[in-house]
Amino acid sequence: MASSPRKIYEEFLDRSLDKNSAVILLISLIENVEDNEIRFDSIKILKKIEALDDRVFKLLENLLVSDSNEKIRNEACLYIQNHFLYKASAPMKWAIQHETDYNCTINIIKTLSMINDAESK
């Protein structure tokens, strides 16, 4: 079993690990490892393998609204912005009211402006 995000990605690229298994392992790292760099790298690898299903969105939404690390929240915000804009309104509205990190707040505002509907305005 792969033990790091990079190892998971390497195994995915050499096809010894299918996409679904890679996504499951990366989500497991994000949810269960305390090392924020490993968690951050796992999110980046999810992006690289283009994991775009509902379980990934739910994970990102949860990270955006409740993770204690601002770097993780910001990366979740950017991932949602770039790949789940059509679902972004509700979590972004919640996050804009509670976010304290400057960079994350800026990205939340950018996301809301990209949605460009009455609700997001």
# chains A, B, ... in the order shown; residues from 1 in each chain; ligands from 1
call {"tool": "closest_atom_pairs", "arguments": {"of": "range 12-42 of chain A", "to": "range 71-83 of chain A", "cutoff": "8 Å", "atoms": "only C-alpha atoms", "output": "CSV"}}
result
residue,atom,partner,partner_atom,distance
A:Asn36,CA,A:Ile72,CA,7.6
A:Arg39,CA,A:Ile72,CA,7.6
A:Phe40,CA,A:Ile72,CA,5.8
call {"tool": "write_last_selection", "arguments": {"atoms": "N, CA and C atoms", "output": "short mmCIF file (atom, residue, chain, number, x, y, z; two decimals), in the first residue's frame"}}
result
data_model
loop_
_atom_site.label_atom_id
_atom_site.label_comp_id
_atom_site.auth_asym_id
_atom_site.auth_seq_id
_atom_site.Cartn_x
_atom_site.Cartn_y
_atom_site.Cartn_z
N ASN A 36 0.10 18.29 8.29
CA ASN A 36 -0.59 19.15 7.34
C ASN A 36 0.07 19.18 5.96
N ARG A 39 -1.27 16.19 4.16
CA ARG A 39 -2.67 16.48 3.82
C ARG A 39 -2.74 17.45 2.63
N PHE A 40 -1.92 18.50 2.67
CA PHE A 40 -1.89 19.48 1.59
C PHE A 40 -1.44 18.82 0.28
#
call {"tool": "residues_around", "arguments": {"residues": "Ala95 in chain A", "least_positions_apart": "4", "cutoff": "10 Å", "atoms": "only C-alpha atoms", "output": "list in words"}}
result
Glu61, Leu64, Val65, Ser66, Arg73, Cys77, Ser89, Ala90, Pro91, Glu99, Thr100, Cys104, Thr105, Ile108 and Ile109 of chain A
call {"tool": "atom_distance", "arguments": {"atom1": "CA of Tyr102 in chain A", "atom2": "CA of Ile43 in chain A"}}
result
20.5 Å
call {"tool": "residues_around", "arguments": {"residues": "range 7-12 of chain A", "least_positions_apart": "4", "cutoff": "8 Å", "atoms": "only C-alpha atoms", "output": "number ranges by chain"}}
result
A: 2-3, 16-19, 22, 25-26, 45, 49
call {"tool": "write_last_selection", "arguments": {"atoms": "N, CA and C atoms", "output": "PDB file, in the first residue's frame"}}
result
ATOM      1  N   ALA A   2       0.489   2.251  -0.767  1.00  0.00           N
ATOM      2  CA  ALA A   2       1.221   3.501  -0.853  1.00  0.00           C
ATOM      3  C   ALA A   2       1.097   4.262   0.461  1.00  0.00           C
ATOM      4  N   SER A   3       2.183   4.897   0.881  1.00  0.00           N
ATOM      5  CA  SER A   3       2.175   5.548   2.189  1.00  0.00           C
ATOM      6  C   SER A   3       2.291   7.064   2.121  1.00  0.00           C
ATOM      7  N   SER A  16      -0.287   0.812 -11.525  1.00  0.00           N
ATOM      8  CA  SER A  16      -0.389  -0.260 -10.527  1.00  0.00           C
ATOM      9  C   SER A  16      -1.478   0.065  -9.506  1.00  0.00           C
ATOM     10  N   LEU A  17      -2.055   1.278  -9.630  1.00  0.00           N
ATOM     11  CA  LEU A  17      -3.138   1.723  -8.761  1.00  0.00           C
ATOM     12  C   LEU A  17      -4.173   2.422  -9.634  1.00  0.00           C
ATOM     13  N   ASP A  18      -5.421   1.964  -9.571  1.00  0.00           N
ATOM     14  CA  ASP A  18      -6.457   2.611 -10.380  1.00  0.00           C
ATOM     15  C   ASP A  18      -6.887   3.928  -9.730  1.00  0.00           C
ATOM     16  N   LYS A  19      -7.604   4.744 -10.492  1.00  0.00           N
ATOM     17  CA  LYS A  19      -7.987   6.077 -10.031  1.00  0.00           C
ATOM     18  C   LYS A  19      -8.838   6.020  -8.764  1.00  0.00           C
ATOM     19  N   ALA A  22      -6.705   5.224  -5.812  1.00  0.00           N
ATOM     20  CA  ALA A  22      -5.859   6.381  -5.495  1.00  0.00           C
ATOM     21  C   ALA A  22      -6.658   7.436  -4.748  1.00  0.00           C
ATOM     22  N   LEU A  25      -7.292   6.290  -1.159  1.00  0.00           N
ATOM     23  CA  LEU A  25      -6.083   6.416  -0.330  1.00  0.00           C
ATOM     24  C   LEU A  25      -5.779   7.868   0.007  1.00  0.00           C
ATOM     25  N   LEU A  26      -5.917   8.757  -0.964  1.00  0.00           N
ATOM     26  CA  LEU A  26      -5.636  10.174  -0.722  1.00  0.00           C
ATOM     27  C   LEU A  26      -6.644  10.768   0.268  1.00  0.00           C
ATOM     28  N   ILE A  45      -2.479  16.259  -5.177  1.00  0.00           N
ATOM     29  CA  ILE A  45      -2.483  15.057  -6.007  1.00  0.00           C
ATOM     30  C   ILE A  45      -3.904  14.738  -6.481  1.00  0.00           C
ATOM     31  N   ILE A  49      -4.851  14.145 -10.467  1.00  0.00           N
ATOM     32  CA  ILE A  49      -5.497  12.978 -11.059  1.00  0.00           C
ATOM     33  C   ILE A  49      -6.941  13.294 -11.462  1.00  0.00           C
TER      34      ILE A  49
END
call {"tool": "atom_distance", "arguments": {"atom1": "CA of Lys93 in chain A", "atom2": "CA of Thr111 in chain A"}}
result
10.0 Å
call {"tool": "closest_residue", "arguments": {"among": "A:Leu13, A:Met114, A:Leu60, A:Ile96", "to": "Glu31 in chain A", "atoms": "only C-alpha atoms"}}
result
A:Leu60
